[in-house]
Structures are given as structure tokens and as C-alpha cells.
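Worksheet: one structure, shown below.
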There are 2 protein chains.
Amino acid sequence: MSNERVEVTQSIYSENDRIAAQTRQFFDQSSVFAVNVMGAPGAGKTSSIIHLINSLPHLRSYVLEGDIESDIDTIKMKNLGIETLQINTYGACHLDAPTVRKAIDGLSLAEPGLLFIENIGNLVCPAEFMIGEHIKLLICSVAEGSDKPYKYPLAFEKADMILLTKIDLKSFVDFDDRFFGKGVQALNKNAAVFEVDARTGEGFATAARHLEELARRARS
Amino acid sequence: MSNERVEVTQSIYSENDRIAAQTRQFFDQSSVFAVNVMGAPGAGKTSSIIHLINSLPHLRSYVLEGDIESDIDTIKMKNLGIETLQINTYGACHLDAPTVRKAIDGLSLAEPGLLFIENIGNLVCPAEFMIGEHIKLLICSVAEGSDKPYKYPLAFEKADMILLTKIDLKSFVDFDDRFFGKGVQALNKNAAVFEVDARTGEGFATAARHLEELARRARS
């Protein structure tokens, strides 16, 4: 990489992190706990967010929907009565802090609560950019295979909490629990892993309690 | 984006495309048909490559395995007797032309045949970079959901051929054939879509015949 490219890259990251820190401060002042939801395309990010919100009816929830194009998931959320705002990146492979900072003006954040920021479906780039979140929630489906921690280590390393989704498909896709668990453990000793099934709702109540506990800790 | 950033970005693309054109010329001289295999993490890229190679035993095949980290798939390929070389990008979210050009020195390309270049598992960034390929083969699994063309249009738009994988899971994941097909059609009228199941091998013989036909057309 040329010096010019290295300098530009570095300045992008430091500018991003500065804005992310400001955004997080704003969330703290608003008593909003921000969750950066990351995962590959089709991992089950939207379904997981909906189940977590439904499992925490005593909390107000907000959603920022990141997509390259389309507003399919925002329509889904709004139909459920969830205050949701669409961010379209038109090509960009991740959300960054300036984009999120601009978008939050469009949310009321009228009451304390949870803000789920659904990142672009991509197991690589989103893990590199802070966007003002308190925690990163990684969504990974058994259909992606048990080797994902080995192939995409950064996302697993940076996660504060992991949902393993579509566990009803385990037997059909030869998912190797031991291999997956070993891969996660090697990268991340702190993130709890929760097995969930969005078709039946299995596992989400427990995962939601853990999320609420993380939010409580962030406040204290 | 600052002018400086726009200029740097443009120069990266044009430098990349220049090298990609040279690489493709080299493949033409070697009578090697290069296939850029793109898809999300866990879409079934490696399994699909193996099935296509097995379906074309009369052709010599080579593989370049792109991964951020690990050599899990290269070991799998080599155990099957396929000449394979690992590329690790250590963070980079796609293969680019300079990386591929450097890597091909490590392959014999001793006989005419097929070269499968398995890109990083990412449904966004790889579609933006030519790497010297003759065609882009997009791998998409039914487990990712039928809305993928709408959310990740560039990969579908640029594909020359599409494999819809894991079709044995269709009924379990409520895959909507009509919605998926309509999304693909709106973006791409030329790429044939083949439904395949790597567990049984279903569909790969037909897909392989089409791939061979595309290779034949490229030579003439």
C-alpha cells in the first residue's frame, strides 16, 4: 500500500472513532443502550432483533435498519409497531459512525431504552468500524457452518454477545458444535453464546435477559 | 467524501482493472478459463466448486482459495487431489487483481482447464473488483432467504451464472422461489440460475455442463 493510501486509511479510522465516541456519549445522555447487530447476509439479524424486542416488552426499543438497498426489513419492523428508520448505503459494505450520527436525528429516542442498529449483512467489514454502540451483538446461523470463527475471526473477537441462529437446522447441515465452540473460545472468552430458533422463539427469552443485564451494567 | 479520498479510490479501481486485464490475457494464453466464485459466508462455495470439478473429470481443474484466515478449504481440496493454493488476506474483505496476479505464480497451470478462484465470503465487496476472471459465479443459499437480490443487488447484477444451494432446506426456511426469481430477473436477464444440493449432488451435472459451455464460448 502506498504511503498516501495508508495515511488516508488511518485518518478514516481515527475520524470515525472520534465521531463514534460522541454518538455513544449522546446515547448515554439519552439513556439509550445501543446494540450494533452484525452478521452475514441471511444470518437472521432482523428476526433476532424482533424476538429480542418482543422478549423485553417493558423496555422501549428503537431500530436503525442498515441495508445497501431496499427497505424490506424496515417495513417489517414498522408493521410490528417498532419505531424504525432505514439507512441505505447504496454500495457501502458497512455502517460507519458519521452515517449513524446523521441517521439518529430521525429517531425520537423519546424514552430511555434499547436501540438496535442492524448493520449491513457482512461478516467482515462492519467489525472494523465503531458506530457509537455499547455492545456488538454477532448473529451467526448454523447454516453458515461451524468453521466461521476460524475464517472470520475479527467479528467473533469483537463480539460482546453471540446468537447462534437457526438451530432447528443443525442436523440437516452437519453443524459441529464442538468445533464451533472451540473456535469462538480461542478468540473470545467473554462473549456469551446463546442458541436460538426464530421459527419457534426458542432461546430468545434467555438471550434477552442477558442483553438487559449488559444494558444495566453499562448504566452503572 | 473528500477529493483526496475520491481520487485515491478511483486510482485503486483503475490500477486494479489494468492488472485484471493482464491476468485475464495470461489465462487466455494458458487456455485456462477463470471463474470468480463469489458468495456470502457459508453459502456453499467450496462444496459447489468440488461438485463442479467432480462433474467435469475430463477437464483439468485448479483452485485458488481466498480466505481472510485459515486454510481449512485448501486442505479439503488437496485431500481430494485438486491442485490448490491458499490466499490469506488477513483482514481484507475481497480479493483484488494484484493479489491474484501474485498468487498464480504458485500454480502450475500445466494444462488447459478451469481455474476456480474462491473469493472471500462476502456478498458485497468482491463484486466490485475484477480479478482476471472470465466469469463471475455467484453462490447463494436458500438459508440466506429469498430477499437477497433486493438487498445485495450488485453481486446479482454482475453474475454470469448463479447457483442456488442447499435446496434441500427450502421447506424449512420458507424460501419464496417467486420472490427470489423476480429479484434476480429485475437485475440480470442473462445469468442462468441452477438449483443444487451439495449433500446429494443434485443439479451439479447440469450446472457443470453450462459452465463448460461458457468456457467453450470464451475460447471461440
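Lettering and numbering for the C-alpha cells are positional, with chains as A, B, ... in the shown order, residues counted from 1 in each chain, and ligands counted from 1 in the shown order.
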Check: which chain A residues lie within 10 Å of chain B using only C-alpha atoms, as a PyMOL selection string: chain A and resi 4-5+8-9+12+39-44+67-73+88+90-94+120-125+128+140-154+166+168-169+172-173+199
Pro98 (chain B) environment, 7 Å, only C-alpha atoms, sequence neighbours closer than 3 positions dropped, as an NGL selection string: :B and (16 or 19 or 101-102)
Residues just named, written with all heavy atoms as a compact mmCIF listing (two decimals), in the first residue's frame:
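That gives us selection_29.txt:
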# COMPACT_ATOMS: atom_id res chain seq x y z
N ASN B 16 -6.43 -1.58 -10.40
CA ASN B 16 -6.92 -2.96 -10.28
C ASN B 16 -7.36 -3.50 -11.64
O ASN B 16 -7.00 -4.62 -12.02
CB ASN B 16 -8.10 -2.98 -9.29
CG ASN B 16 -8.61 -4.39 -9.06
OD1 ASN B 16 -8.04 -5.14 -8.28
ND2 ASN B 16 -9.67 -4.77 -9.76
N ILE B 19 -4.52 -4.41 -14.08
CA ILE B 19 -3.85 -5.67 -13.74
C ILE B 19 -4.78 -6.86 -14.02
O ILE B 19 -4.33 -7.90 -14.51
CB ILE B 19 -3.40 -5.64 -12.26
CG1 ILE B 19 -2.35 -4.53 -12.09
CG2 ILE B 19 -2.84 -6.99 -11.83
CD1 ILE B 19 -2.00 -4.23 -10.65
N ARG B 101 -2.84 -11.88 -9.12
CA ARG B 101 -1.71 -11.97 -10.06
C ARG B 101 -0.49 -12.56 -9.38
O ARG B 101 0.21 -13.42 -9.93
CB ARG B 101 -1.36 -10.60 -10.64
CG ARG B 101 -0.26 -10.74 -11.70
CD ARG B 101 0.16 -9.42 -12.30
NE ARG B 101 0.70 -8.51 -11.29
CZ ARG B 101 1.16 -7.31 -11.55
NH1 ARG B 101 1.14 -6.86 -12.79
NH2 ARG B 101 1.63 -6.53 -10.59
N LYS B 102 -0.22 -12.09 -8.15
CA LYS B 102 0.92 -12.62 -7.41
C LYS B 102 0.72 -14.11 -7.12
O LYS B 102 1.63 -14.91 -7.27
CB LYS B 102 1.08 -11.86 -6.08
CG LYS B 102 2.37 -11.03 -6.01
CD LYS B 102 2.47 -10.28 -4.69
CE LYS B 102 1.94 -8.86 -4.84
NZ LYS B 102 1.77 -8.13 -3.58
Residues of region 85-190 of chain B in helix (DSSP H, G or I), written as a ChimeraX atom specification: /B:97-104,125-128,142-144,148-151,153-158,167-172,177-187
DSSP strand (DSSP E or B) residues within region 48-172 of chain A, as a ChimeraX atom specification: /A:60-67,83-88,113-118,135-141,161-165
Shell around region 30-33 of chain B at 8 Å using only C-alpha atoms, local window under 2 positions removed, as a list of chain:residue names: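 In the requested format, the answer is B:Phe26, B:Phe27, B:Asp28, B:Val35, B:Leu109, B:Glu111, B:Pro112, B:Gly113, B:Leu114, B:Leu115, B:Glu133, B:His134, B:Ala215, B:Ala218, B:Arg219.
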Nearest residue to Lys170 (chain A) from the set A:His51, A:Arg24, A:Asp197, A:Pro126 (distances using only C-alpha atoms): A:Asp197
Interatomic distance, CA of Leu85 (chain B) to CA of His58 (chain B) (Å, one decimal):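 Separation between CA of Leu85 (chain B) and CA of His58 (chain B): 21.3 Å.
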Computed interatomic separation between CA of Ala20 (chain B) and CA of Arg216 (chain B) (Å): 20.8 Å
